[in-house]
file entry34.pdb (PDB, C-alpha atoms)
ATOM      1  CA  MET A 734       1.947  10.380  12.918
ATOM      2  CA  LYS A 735       0.137  12.563  10.422
ATOM      3  CA  CYS A 736      -3.035  14.347  11.397
ATOM      4  CA  LEU A 737      -5.001  15.741   8.464
ATOM      5  CA  GLY A 738      -8.192  16.306  10.421
ATOM      6  CA  TYR A 739      -7.968  12.667  11.537
ATOM      7  CA  ILE A 740      -6.132  10.498  14.013
ATOM      8  CA  TRP A 741      -4.071   8.096  11.940
ATOM      9  CA  ILE A 742      -2.826   4.993  13.734
ATOM     10  CA  ARG A 743       0.764   4.306  12.603
ATOM     11  CA  THR A 744       2.274   2.814  15.758
ATOM     12  CA  LYS A 745       0.998   0.553  18.531
ATOM     13  CA  VAL A 746      -2.417   1.737  19.554
ATOM     14  CA  LYS A 747      -2.653   3.247  23.023
ATOM     15  CA  ILE A 748      -5.712   4.646  24.734
ATOM     16  CA  ILE A 749      -4.920   8.194  25.835
ATOM     17  CA  ALA A 750      -6.183   9.107  29.287
ATOM     18  CA  MET A 751      -7.675  12.524  28.795
ATOM     19  CA  ASN A 752     -11.106  12.324  30.398
ATOM     20  CA  GLU A 753     -10.353  15.407  32.471
ATOM     21  CA  ASN A 754      -9.873  17.487  29.331
ATOM     22  CA  VAL A 755     -13.332  17.556  27.770
ATOM     23  CA  ALA A 756     -12.327  19.565  24.699
ATOM     24  CA  LEU A 757      -9.398  17.265  23.900
ATOM     25  CA  ARG A 758     -11.512  14.169  24.455
ATOM     26  CA  SER A 759     -14.179  15.557  22.122
ATOM     27  CA  ALA A 760     -11.578  16.306  19.422
ATOM     28  CA  LEU A 761     -10.149  12.794  19.694
ATOM     29  CA  ASP A 762     -13.611  11.217  19.382
ATOM     30  CA  LYS A 763     -14.348  13.342  16.330
ATOM     31  CA  ASN A 764     -11.079  12.329  14.690
ATOM     32  CA  LEU A 765     -11.651   8.645  15.389
ATOM     33  CA  LYS A 766     -15.160   8.822  13.916
ATOM     34  CA  SER A 767     -13.812  10.581  10.822
ATOM     35  CA  ALA A 768     -11.231   7.842  10.314
ATOM     36  CA  VAL A 769     -13.927   5.167  10.628
ATOM     37  CA  THR A 770     -16.239   6.939   8.170
ATOM     38  CA  THR A 771     -13.451   7.354   5.624
ATOM     39  CA  ALA A 772     -12.594   3.663   5.892
ATOM     40  CA  PHE A 773     -16.264   2.694   5.504
ATOM     41  CA  LEU A 774     -16.442   4.527   2.185
ATOM     42  CA  MET A 775     -13.486   2.544   0.831
ATOM     43  CA  LEU A 776     -14.682  -0.876   2.004
ATOM     44  CA  PRO A 777     -17.320  -3.223   0.532
ATOM     45  CA  GLU A 778     -20.740  -3.803   2.068
ATOM     46  CA  SER A 779     -19.499  -6.642   4.293
ATOM     47  CA  PHE A 780     -16.031  -6.921   5.824
ATOM     48  CA  SER A 781     -14.102  -8.149   8.857
ATOM     49  CA  GLU A 782     -12.810  -6.171  11.822
ATOM     50  CA  GLU A 783      -9.296  -6.757  10.538
ATOM     51  CA  ASP A 784     -10.243  -5.358   7.122
ATOM     52  CA  LEU A 785     -11.567  -2.222   8.804
ATOM     53  CA  PHE A 786      -8.569  -1.743  11.075
ATOM     54  CA  ILE A 787      -6.137  -2.269   8.182
ATOM     55  CA  GLU A 788      -7.996   0.369   6.182
ATOM     56  CA  ILE A 789      -7.913   2.806   9.117
ATOM     57  CA  ALA A 790      -4.236   2.194   9.849
ATOM     58  CA  GLY A 791      -3.427   2.656   6.161
ATOM     59  CA  LEU A 792      -5.202   6.001   5.765
ATOM     60  CA  SER A 793      -2.073   8.055   6.369
ATOM     61  CA  TYR A 794      -0.192   6.039   3.728
ATOM     62  CA  SER A 795      -2.703   6.745   0.925
ATOM     63  CA  GLY A 796      -0.759   8.404  -1.861
ATOM     64  CA  ASP A 797       2.455   8.265   0.182
ATOM     65  CA  PHE A 798       5.366   8.208  -2.268
ATOM     66  CA  ARG A 799       7.359   6.099   0.170
ATOM     67  CA  MET A 800       4.744   3.317   0.011
ATOM     68  CA  VAL A 801       5.099   3.212  -3.772
ATOM     69  CA  VAL A 802       8.884   3.135  -3.822
ATOM     70  CA  GLY A 803      10.811   1.833  -0.848
ATOM     71  CA  GLU A 804       8.419   0.966   1.952
ATOM     72  CA  ASP A 805       7.574  -2.586   2.971
ATOM     73  CA  LYS A 806       4.065  -3.289   1.633
ATOM     74  CA  THR A 807       3.255  -5.361   4.722
ATOM     75  CA  LYS A 808       3.888  -2.431   7.099
ATOM     76  CA  VAL A 809       0.205  -1.679   7.723
ATOM     77  CA  LEU A 810      -0.616  -5.343   8.275
ATOM     78  CA  ASN A 811       2.272  -5.588  10.733
ATOM     79  CA  ILE A 812       0.800  -2.659  12.659
ATOM     80  CA  VAL A 813      -2.674  -4.149  12.865
ATOM     81  CA  LYS A 814      -2.082  -7.873  13.439
ATOM     82  CA  PRO A 815      -0.540  -7.634  16.939
ATOM     83  CA  ASN A 816      -2.942  -4.870  18.003
ATOM     84  CA  ILE A 817      -6.417  -6.100  17.064
ATOM     85  CA  ALA A 818      -7.566  -5.955  20.691
ATOM     86  CA  HIS A 819      -6.331  -2.370  21.036
ATOM     87  CA  PHE A 820      -8.069  -1.296  17.837
ATOM     88  CA  ARG A 821     -11.266  -2.961  19.060
ATOM     89  CA  GLU A 822     -11.020  -1.111  22.366
ATOM     90  CA  LEU A 823     -10.398   2.190  20.595
ATOM     91  CA  TYR A 824     -13.146   1.911  17.975
ATOM     92  CA  GLY A 825     -15.626  -0.551  19.529
ATOM     93  CA  SER A 826     -18.076   1.959  20.999
ATOM     94  CA  ILE A 827     -18.031   4.052  17.809
ATOM     95  CA  LEU A 828     -18.957   0.997  15.740
ATOM     96  CA  GLN A 829     -21.693  -0.106  18.130
ATOM     97  CA  GLU A 830     -23.295   3.336  18.226
ATOM     98  CA  ASN A 831     -23.224   3.960  14.473
ATOM     99  CA  PRO A 832     -26.768   3.499  13.092
ATOM    100  CA  GLN A 833     -25.442   2.655   9.613
ATOM    101  CA  VAL A 834     -23.438  -0.337  10.824
ATOM    102  CA  VAL A 835     -24.414  -3.877  11.755
ATOM    103  CA  TYR A 836     -21.570  -4.919  14.041
ATOM    104  CA  LYS A 837     -21.482  -8.681  14.687
ATOM    105  CA  ILE A 838     -18.982  -8.643  17.514
ATOM    106  CA  GLN A 839     -18.874 -12.404  18.112
ATOM    107  CA  GLN A 840     -18.116 -13.109  14.455
ATOM    108  CA  GLY A 841     -15.853 -10.089  14.074
ATOM    109  CA  ARG A 842     -17.845  -8.997  11.029
ATOM    110  CA  LEU A 843     -19.466  -5.727   9.983
ATOM    111  CA  GLU A 844     -22.028  -4.655   7.393
ATOM    112  CA  ILE A 845     -22.332  -1.038   6.247
ATOM    113  CA  ASP A 846     -25.052   0.787   4.339
ATOM    114  CA  LYS A 847     -23.679   1.156   0.800
ATOM    115  CA  SER A 848     -26.804   2.679  -0.696
ATOM    116  CA  PRO A 849     -26.388   6.114  -2.327
ATOM    117  CA  GLU A 850     -28.284   7.608   0.615
ATOM    118  CA  GLY A 851     -26.006   5.879   3.114
ATOM    119  CA  GLN A 852     -22.848   6.910   1.311
ATOM    120  CA  PHE A 853     -24.055  10.493   0.976
ATOM    121  CA  THR A 854     -24.602  10.629   4.743
ATOM    122  CA  GLN A 855     -21.061   9.361   5.286
ATOM    123  CA  LEU A 856     -19.570  11.776   2.756
ATOM    124  CA  MET A 857     -21.299  14.717   4.410
ATOM    125  CA  THR A 858     -19.647  13.906   7.755
ATOM    126  CA  LEU A 859     -16.102  13.908   6.344
ATOM    127  CA  PRO A 860     -13.771  16.782   7.292
ATOM    128  CA  LYS A 861     -14.113  19.835   5.046
ATOM    129  CA  THR A 862     -10.557  19.471   3.728
ATOM    130  CA  LEU A 863     -11.258  15.991   2.361
ATOM    131  CA  GLN A 864     -14.649  17.052   0.983
ATOM    132  CA  GLN A 865     -12.939  19.858  -0.924
ATOM    133  CA  GLN A 866     -10.291  17.499  -2.309
ATOM    134  CA  ILE A 867     -13.024  15.124  -3.500
ATOM    135  CA  ASN A 868     -14.664  18.104  -5.174
ATOM    136  CA  HIS A 869     -11.367  18.860  -6.963
ATOM    137  CA  VAL A 870     -11.128  15.227  -8.105
ATOM    138  CA  ILE A 871     -14.568  15.386  -9.728
ATOM    139  CA  ASP A 872     -14.342  18.967 -11.015
ATOM    140  CA  PRO A 873     -11.049  20.757 -11.719
ATOM    141  CA  PRO A 874     -10.455  24.000  -9.776
ATOM    142  CA  GLY A 875     -12.163  27.020 -11.299
ATOM    143  CA  LYS A 876     -15.623  25.607 -11.822
ATOM    144  CA  ASN A 877     -16.676  26.516  -8.279
ATOM    145  CA  ARG A 878     -19.155  23.668  -8.132
ATOM    146  CA  ASP A 879     -21.100  23.265  -4.902
ATOM    147  CA  VAL A 880     -19.383  20.652  -2.701
ATOM    148  CA  GLU A 881     -22.659  19.120  -1.533
ATOM    149  CA  GLU A 882     -23.745  18.648  -5.150
ATOM    150  CA  THR A 883     -20.448  16.922  -5.919
ATOM    151  CA  LEU A 884     -20.750  14.620  -2.901
ATOM    152  CA  LEU A 885     -24.266  13.641  -3.968
ATOM    153  CA  GLN A 886     -22.872  12.667  -7.366
ATOM    154  CA  VAL A 887     -20.051  10.688  -5.753
ATOM    155  CA  ALA A 888     -22.529   8.878  -3.480
ATOM    156  CA  HIS A 889     -24.222   7.446  -6.594
ATOM    157  CA  ASP A 890     -20.904   6.519  -8.231
ATOM    158  CA  PRO A 891     -20.038   2.775  -8.195
ATOM    159  CA  ASP A 892     -16.422   3.883  -7.713
ATOM    160  CA  CYS A 893     -17.242   6.089  -4.712
ATOM    161  CA  GLY A 894     -14.519   4.496  -2.586
ATOM    162  CA  GLU A 895     -11.863   5.077  -5.234
ATOM    163  CA  VAL A 896     -12.860   8.743  -5.529
ATOM    164  CA  VAL A 897     -12.498   9.138  -1.764
ATOM    165  CA  ARG A 898      -9.106   7.417  -1.888
ATOM    166  CA  ARG A 899      -7.924   9.792  -4.610
ATOM    167  CA  GLY A 900      -9.046  12.773  -2.548
ATOM    168  CA  LEU A 901      -7.192  11.424   0.466
ATOM    169  CA  SER A 902      -4.073  10.773  -1.620
ATOM    170  CA  ALA A 903      -4.087  14.399  -2.742
ATOM    171  CA  ILE A 904      -3.786  15.411   0.920
ATOM    172  CA  VAL A 905      -1.118  12.884   1.918
ATOM    173  CA  ARG A 906       1.102  12.994  -1.180
ATOM    174  CA  PRO A 907       2.539  16.530  -0.833
ATOM    175  CA  SER A 908       3.523  15.864   2.778
ATOM    176  CA  SER A 909       5.244  12.571   1.977
ATOM    177  CA  MET A 910       7.105  14.086  -0.971
ATOM    178  CA  LYS A 911       8.252  16.992   1.190
ATOM    179  CA  GLN A 912       9.508  14.635   3.898
ATOM    180  CA  SER A 913      11.318  12.458   1.348
ATOM    181  CA  THR A 914      12.966  15.462  -0.310
ATOM    182  CA  LYS A 915      13.959  16.920   3.048
ATOM    183  CA  GLY A 916      15.518  13.587   3.974
ATOM    184  CA  ILE A 917      17.714  13.627   0.883
ATOM    185  CA  PHE A 918      19.206  17.034   1.682
ATOM    186  CA  THR A 919      19.522  16.269   5.396
ATOM    187  CA  ALA A 920      21.162  12.864   5.073
ATOM    188  CA  GLY A 921      23.195  13.586   1.972
ATOM    189  CA  MET A 922      22.944  11.924  -1.415
ATOM    190  CA  LYS A 923      25.291   8.995  -0.682
ATOM    191  CA  LYS A 924      23.536   8.032   2.538
ATOM    192  CA  THR A 925      20.157   8.410   0.831
ATOM    193  CA  VAL A 926      21.139   6.017  -1.968
ATOM    194  CA  VAL A 927      22.305   3.424   0.563
ATOM    195  CA  TYR A 928      19.158   3.891   2.657
ATOM    196  CA  SER A 929      16.892   3.679  -0.406
ATOM    197  CA  SER A 930      18.596   0.479  -1.529
ATOM    198  CA  LEU A 931      17.963  -1.099   1.852
ATOM    199  CA  LYS A 932      14.307   0.024   1.769
ATOM    200  CA  LEU A 933      13.837  -1.404  -1.725
ATOM    201  CA  HIS A 934      15.356  -4.700  -0.554
ATOM    202  CA  LYS A 935      12.937  -4.734   2.373
ATOM    203  CA  MET A 936      10.002  -3.978   0.079
ATOM    204  CA  TRP A 937      11.040  -6.813  -2.249
ATOM    205  CA  LYS A 938      11.164  -9.252   0.672
ATOM    206  CA  GLY A 939       7.681  -8.101   1.678
ATOM    207  CA  TRP A 940       6.345  -8.805  -1.792
ATOM    208  CA  LEU A 941       7.930 -12.270  -1.791
ATOM    209  CA  ARG A 942       6.302 -13.086   1.567
ATOM    210  CA  LYS A 943       2.944 -11.904   0.303
ATOM    211  CA  THR A 944       3.064 -13.930  -2.935
ATOM    212  CA  SER A 945       4.595 -17.091  -1.506
TER     213      SER A 945
END
call {"tool": "encode", "arguments": {"input": "entry34.pdb", "output": "structure tokens"}}
result
Amino acid sequence: MKCLGYIWIRTKVKIIAMNENVALRSALDKNLKSAVTTAFLMLPESFSEEDLFIEIAGLSYSGDFRMVVGEDKTKVLNIVKPNIAHFRELYGSILQENPQVVYKIQQGRLEIDKSPEGQFTQLMTLPKTLQQQINHVIDPPGKNRDVEETLLQVAHDPDCGEVVRRGLSAIVRPSSMKQSTKGIFTAGMKKTVVYSSLKLHKMWKGWLRKTS
């Protein structure tokens, strides 16, 4: 599991019993809210619970080299499908308490404020690391542009979600490349080739299932 200021859900979701540790509980809640906000920015105005949970579960794969070459494209869906109830338990109260969200629990549908003002509010609550990466996406390093000014511009951009995704990818990509490279030297070139071939075969099967 990667944690870049967020809690990314990559395995079966489990509620962690930590009520006795107030600081840890507070950090977890903050991370969960950050993951939800990031997903909101990359989703349309109206979407299903499953759409949201897939987006959240896929956050740690954004820009991951292994999801471009070698990983089964249905991996995130396979994480979410059997665990909808667990995701709902984990994120339900956050969704119900968010003033920017209309959460239709019975229908399993949500509506989010996609106005520039609404998106700016969401952007301003993102972790500083992601805000800075978004700033780099809009303005190359060296210009020293004010981050808040950049986020205001992004909030008015029709491609706001794509900008956020690119910022997130810039955080995830170096870590995934490092892990992949480390795996090559640890496992040895021959084993890596065999492993990669198997992963590519698995990815191909995933594509066939998706298009059939």
call {"tool": "resolve_selection", "arguments": {"input": "entry34.pdb", "expression": "the PyMOL selection byres ((chain A and resi 894) around 10)", "output": "list in words"}}
result
Thr771, Ala772, Phe773, Leu774, Met775, Leu776, Pro777, Gln852, Val887, Ala888, Asp890, Pro891, Asp892, Cys893, Glu895, Val896, Val897, Arg898, Arg899 and Gly900 of chain A
call {"tool": "atom_distance", "arguments": {"input": "entry34.pdb", "atom1": "atom CA of Glu778 of chain A", "atom2": "atom CA of Asp846 of chain A"}}
result
6.7 Å
call {"tool": "atom_distance", "arguments": {"input": "entry34.pdb", "atom1": "atom CA of Phe780 of chain A", "atom2": "atom CA of Tyr836 of chain A"}}
result
10.1 Å
call {"tool": "closest_residue", "arguments": {"input": "entry34.pdb", "among": "A:Ser779, A:Lys861, A:Ile845, A:Tyr794", "to": "Leu828 of chain A", "atoms": "only C-alpha atoms"}}
result
A:Ile845
call {"tool": "atom_distance", "arguments": {"input": "entry34.pdb", "atom1": "atom CA of Glu782 of chain A", "atom2": "atom CA of Leu810 of chain A"}}
result
12.7 Å
call {"tool": "resolve_selection", "arguments": {"input": "entry34.pdb", "expression": "the PyMOL selection byres ((chain A and resi 857) around 12)", "output": "ChimeraX atom specification"}}
result
/A:767,770-771,774,850-856,858-865,867,880-885,887-888
